[in-house]
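Visitor: Please find one structure pasted underneath; my questions will follow.
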Amino acid sequence: MEANTLFFLKALLLLCFNVCFTLASDPDPIQDFCIPKPMTSPHHDHHFSTNLPCKNSSEVTTEDFVFSGLKTAGNFTETGFATLPVSPTNFPGLNTLGLSFVRADLKPGSINPPHYHPRATEVAHLVKGRVYSGFVDSNNKVYAKVMEEGEMMVYPKGLVHFQMNVGDVTATILAGLNSQSPGIQKIPSVVFGSGINEELLMKAFGMSIKQIGTLKKRFDPVMSNEH
């Protein structure tokens with residue numbers, strides 16, 4: 001009996017460990033902060049490097065923890081959408097802290113297409129405008145509403161979410177994510193711009209080869225550059 005109980009406890013501890021490890025986000029820092037030293041190689045990517053050599057604390061200044069790049073909107077696309085991501089790449093003070101941010105601006109009628117972040121939950125704060133915003137859960141249920149200025153919405157980790165400006169002025173959203181490298185996959189580009197077999201797409205969406213080709217020309221970066 002004691003052997004069975006011990007085996008059960010070990011199995012339970014192993015299960016708890018695996019669950020906790022799975023639910024964890026970025027690794028917890030082991031020091032107050034880590035301002036990375038200037039990159040010595042152009043191939044380094046701060047997004048994914050939580051173990052870069054840190055500056056000596058005597059070299060760190062207040063300016064390392066201040067970012068001023070979100071005061072104005074980024075460059076708008078032809079569809080009226082602009083985004084400014086903030087990560088350790090352009091704000092080294094975030095390094096090892098498990099955080100990133102983004103400013104999104106949408107002109108009236110424009111959208112932030114359905115997308116998801118595989119490594120982060122997102123909290124979006126509507127600073128200005130009126131935005132139809134929501135996400136879809138794993139049962140294909142939509143949770144969406146028109147957000148008013150000052151409201152916030154959370155998009156759970158890994159779930160598809162979206163925004164559309166339904167107001168008369170350019171909308172501004174500030175969002176925080178609980179990973180310094182949340183990743184982003186935009187559904188239209190993932191499906192039609194990644195090189196998935198055209199026959200499979202035809203069968204999956206009930207479209208003709210011509211319709212699939214039209215969408216691939218729009219979302220496949222290689223084909224877009226050729227036209």
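Residues are referred to by chain and number: the chain letter is A, B, ... according to the order shown in the structure tokens, the number counts from 1 in that chain, and ligands are numbered separately from 1 in the order shown.
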Quick one: residues within 9 Å of A:Phe76, only C-alpha atoms, excluding same-chain residues fewer than 5 positions away - as a PyMOL selection string?
Guide: chain A and resi 81-83+105-107
Visitor: Would you save the residues of that selection, restricted to N, CA and C atoms, as a PDB file, in the first residue's frame?
Guide:
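Once everything was written out, this is part32.pdb:
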ATOM      1  N   PHE A  81      -3.824  50.915 -41.586  1.00  0.00           N
ATOM      2  CA  PHE A  81      -3.425  50.334 -40.302  1.00  0.00           C
ATOM      3  C   PHE A  81      -1.946  50.616 -40.060  1.00  0.00           C
ATOM      4  N   ALA A  82      -1.628  51.042 -38.834  1.00  0.00           N
ATOM      5  CA  ALA A  82      -0.242  51.308 -38.468  1.00  0.00           C
ATOM      6  C   ALA A  82       0.056  50.640 -37.130  1.00  0.00           C
ATOM      7  N   THR A  83       1.261  50.099 -37.006  1.00  0.00           N
ATOM      8  CA  THR A  83       1.628  49.432 -35.758  1.00  0.00           C
ATOM      9  C   THR A  83       3.064  49.759 -35.395  1.00  0.00           C
ATOM     10  N   ASP A 105      -2.707  51.929 -34.599  1.00  0.00           N
ATOM     11  CA  ASP A 105      -3.593  53.014 -35.030  1.00  0.00           C
ATOM     12  C   ASP A 105      -4.379  52.548 -36.248  1.00  0.00           C
ATOM     13  N   LEU A 106      -5.673  52.786 -36.228  1.00  0.00           N
ATOM     14  CA  LEU A 106      -6.558  52.346 -37.307  1.00  0.00           C
ATOM     15  C   LEU A 106      -7.374  53.528 -37.809  1.00  0.00           C
ATOM     16  N   LYS A 107      -7.260  53.814 -39.096  1.00  0.00           N
ATOM     17  CA  LYS A 107      -8.093  54.851 -39.679  1.00  0.00           C
ATOM     18  C   LYS A 107      -9.534  54.342 -39.774  1.00  0.00           C
TER      19      LYS A 107
END
Visitor: With only C-alpha atoms as the basis for distance, which of A:Gly134, A:Gly213, A:Gly167, A:Gly98 is at the shortest distance from A:Met152?
Guide: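 With only C-alpha atoms as the atom set, the closest residue is A:Gly134.
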Visitor: When you look at A:Ser87 with a cut-off of 10 Å (counting only C-alpha atoms), what residues show up, excluding the ones that are within fewer than 4 positions of it in the same chain? I need them as a PyMOL selection string.
Guide: chain A and resi 46-47+91-95+98-102+177+179-182
Visitor: If you run DSSP on the backbone, which residues of stretch 42-219 of chain A are alpha helix (DSSP H), as a VMD selection string?
Guide: chain A and resid 187 to 192 198 to 205 209 to 219
Visitor: Can you write just those residues out, N, CA, C and O atoms, as a compact mmCIF listing (two decimals), in the first residue's frame?
Guide:
# COMPACT_ATOMS: atom_id res chain seq x y z
N ILE A 187 -3.77 35.33 -39.75
CA ILE A 187 -4.44 34.19 -40.36
C ILE A 187 -4.42 34.23 -41.89
O ILE A 187 -4.08 33.23 -42.53
N PRO A 188 -4.77 35.36 -42.54
CA PRO A 188 -4.75 35.35 -44.00
C PRO A 188 -3.37 35.01 -44.57
O PRO A 188 -3.26 34.23 -45.53
N SER A 189 -2.32 35.58 -43.97
CA SER A 189 -0.97 35.31 -44.46
C SER A 189 -0.54 33.89 -44.17
O SER A 189 0.15 33.25 -44.97
N VAL A 190 -0.93 33.37 -42.98
CA VAL A 190 -0.58 32.00 -42.62
C VAL A 190 -1.19 31.01 -43.61
O VAL A 190 -0.54 30.06 -44.06
N VAL A 191 -2.45 31.24 -43.98
CA VAL A 191 -3.16 30.29 -44.84
C VAL A 191 -2.77 30.44 -46.31
O VAL A 191 -2.45 29.45 -46.99
N PHE A 192 -2.77 31.69 -46.79
CA PHE A 192 -2.58 31.89 -48.23
C PHE A 192 -1.19 32.41 -48.61
O PHE A 192 -0.88 32.49 -49.80
N GLU A 198 -1.99 24.12 -52.96
CA GLU A 198 -3.21 24.75 -53.45
C GLU A 198 -4.40 23.79 -53.48
O GLU A 198 -5.54 24.20 -53.22
N GLU A 199 -4.16 22.53 -53.79
CA GLU A 199 -5.26 21.56 -53.81
C GLU A 199 -5.88 21.40 -52.43
O GLU A 199 -7.12 21.32 -52.28
N LEU A 200 -5.01 21.39 -51.41
CA LEU A 200 -5.52 21.31 -50.04
C LEU A 200 -6.38 22.52 -49.71
O LEU A 200 -7.46 22.39 -49.11
N LEU A 201 -5.92 23.72 -50.10
CA LEU A 201 -6.69 24.93 -49.83
C LEU A 201 -8.02 24.92 -50.57
O LEU A 201 -9.04 25.35 -50.02
N MET A 202 -8.02 24.43 -51.79
CA MET A 202 -9.27 24.34 -52.55
C MET A 202 -10.27 23.46 -51.83
O MET A 202 -11.46 23.80 -51.71
N LYS A 203 -9.80 22.31 -51.33
CA LYS A 203 -10.71 21.38 -50.65
C LYS A 203 -11.15 21.92 -49.29
O LYS A 203 -12.28 21.72 -48.86
N ALA A 204 -10.24 22.62 -48.61
CA ALA A 204 -10.55 23.14 -47.27
C ALA A 204 -11.57 24.27 -47.32
O ALA A 204 -12.44 24.37 -46.45
N PHE A 205 -11.48 25.13 -48.35
CA PHE A 205 -12.33 26.33 -48.40
C PHE A 205 -13.39 26.27 -49.49
O PHE A 205 -14.20 27.19 -49.60
N ILE A 209 -9.43 27.07 -58.17
CA ILE A 209 -8.01 27.33 -58.26
C ILE A 209 -7.75 28.81 -58.56
O ILE A 209 -6.77 29.40 -58.10
N LYS A 210 -8.66 29.43 -59.33
CA LYS A 210 -8.52 30.86 -59.64
C LYS A 210 -8.67 31.71 -58.39
O LYS A 210 -7.92 32.67 -58.17
N GLN A 211 -9.66 31.37 -57.57
CA GLN A 211 -9.88 32.13 -56.32
C GLN A 211 -8.69 31.97 -55.38
O GLN A 211 -8.25 32.94 -54.76
N ILE A 212 -8.17 30.74 -55.28
CA ILE A 212 -7.01 30.50 -54.43
C ILE A 212 -5.82 31.30 -54.95
O ILE A 212 -5.07 31.92 -54.18
N GLY A 213 -5.66 31.32 -56.28
CA GLY A 213 -4.55 32.07 -56.87
C GLY A 213 -4.64 33.55 -56.58
O GLY A 213 -3.63 34.21 -56.31
N THR A 214 -5.85 34.10 -56.61
CA THR A 214 -6.04 35.52 -56.31
C THR A 214 -5.62 35.84 -54.89
O THR A 214 -4.94 36.84 -54.64
N LEU A 215 -6.01 34.98 -53.95
CA LEU A 215 -5.66 35.21 -52.55
C LEU A 215 -4.16 35.02 -52.32
O LEU A 215 -3.55 35.75 -51.53
N LYS A 216 -3.56 34.06 -53.00
CA LYS A 216 -2.13 33.85 -52.85
C LYS A 216 -1.35 35.05 -53.38
O LYS A 216 -0.33 35.45 -52.81
N LYS A 217 -1.82 35.64 -54.47
CA LYS A 217 -1.15 36.83 -55.01
C LYS A 217 -1.20 37.99 -54.01
O LYS A 217 -0.29 38.81 -53.95
N ARG A 218 -2.26 38.01 -53.23
CA ARG A 218 -2.41 39.11 -52.27
C ARG A 218 -1.59 38.89 -51.01
O ARG A 218 -1.01 39.84 -50.47
N PHE A 219 -1.52 37.65 -50.53
CA PHE A 219 -0.91 37.41 -49.23
C PHE A 219 0.46 36.73 -49.28
O PHE A 219 1.16 36.71 -48.27
Visitor: Name all residues at most 7 Å from A:His117 (count only C-alpha atoms; drop same-chain ones fewer than 6 positions away) and give them as an mmCIF file with N, CA and C atoms, in the first residue's frame.
Guide:
data_model
loop_
_atom_site.group_PDB
_atom_site.id
_atom_site.type_symbol
_atom_site.label_atom_id
_atom_site.label_comp_id
_atom_site.auth_asym_id
_atom_site.auth_seq_id
_atom_site.Cartn_x
_atom_site.Cartn_y
_atom_site.Cartn_z
ATOM 1 N N LYS A 157 -3.986 33.911 -24.362
ATOM 2 C CA LYS A 157 -2.824 33.398 -25.100
ATOM 3 C C LYS A 157 -3.227 32.396 -26.178
ATOM 4 N N GLY A 158 -2.726 32.613 -27.396
ATOM 5 C CA GLY A 158 -2.912 31.667 -28.474
ATOM 6 C C GLY A 158 -4.260 31.705 -29.165
ATOM 7 N N PRO A 182 6.378 37.647 -28.125
ATOM 8 C CA PRO A 182 5.062 37.004 -28.202
ATOM 9 C C PRO A 182 4.820 36.268 -29.510
ATOM 10 N N GLY A 183 5.486 36.697 -30.580
ATOM 11 C CA GLY A 183 5.214 36.115 -31.887
ATOM 12 C C GLY A 183 3.880 36.591 -32.412
ATOM 13 N N ILE A 184 3.715 36.587 -33.713
ATOM 14 C CA ILE A 184 2.429 36.949 -34.308
ATOM 15 C C ILE A 184 2.242 36.169 -35.603
ATOM 16 N N GLN A 185 1.049 35.618 -35.765
ATOM 17 C CA GLN A 185 0.690 34.928 -36.999
ATOM 18 C C GLN A 185 -0.655 35.464 -37.466
#
Visitor: Extract, using only C-alpha atoms, all DNA, RNA and protein residues at most 9 Å from A:Leu84, discarding same-chain residues fewer than 6 positions from it, and format them as a short mmCIF file (atom, residue, chain, number, x, y, z; two decimals) with N, CA and C atoms, in the first residue's frame.
Guide:
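Saved to selection_37.cif:
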data_model
loop_
_atom_site.label_atom_id
_atom_site.label_comp_id
_atom_site.auth_asym_id
_atom_site.auth_seq_id
_atom_site.Cartn_x
_atom_site.Cartn_y
_atom_site.Cartn_z
N GLY A 69 9.18 56.18 -28.00
CA GLY A 69 8.78 55.93 -29.38
C GLY A 69 7.30 55.74 -29.63
N LEU A 70 6.47 55.78 -28.59
CA LEU A 70 5.04 55.56 -28.80
C LEU A 70 4.22 56.85 -28.81
N ALA A 73 2.00 57.87 -34.11
CA ALA A 73 1.66 56.64 -34.83
C ALA A 73 2.80 56.22 -35.76
N GLY A 74 2.80 54.95 -36.10
CA GLY A 74 3.77 54.45 -37.07
C GLY A 74 3.33 54.77 -38.48
N ASN A 75 3.96 54.13 -39.44
CA ASN A 75 3.62 54.36 -40.85
C ASN A 75 2.37 53.56 -41.21
N PHE A 101 5.26 45.51 -25.81
CA PHE A 101 4.13 46.41 -25.99
C PHE A 101 3.93 46.68 -27.48
N VAL A 102 2.79 47.27 -27.80
CA VAL A 102 2.55 47.66 -29.18
C VAL A 102 1.56 48.82 -29.20
N ARG A 103 1.79 49.75 -30.12
CA ARG A 103 0.80 50.80 -30.40
C ARG A 103 0.21 50.50 -31.77
N ALA A 104 -1.11 50.50 -31.84
CA ALA A 104 -1.79 50.26 -33.11
C ALA A 104 -2.73 51.44 -33.38
N ASP A 105 -2.71 51.93 -34.60
CA ASP A 105 -3.59 53.01 -35.03
C ASP A 105 -4.38 52.55 -36.25
#
Visitor: Taking the chain letters and numbering used in this document, name the residues of stretch 13-197 of chain A that DSSP puts in strand (DSSP E or B), as a PyMOL selection string.
Guide: chain A and resi 36+54+81-86+100-106+111-116+122-128+131-136+142-147+152-155+160-165+171-177+185-186
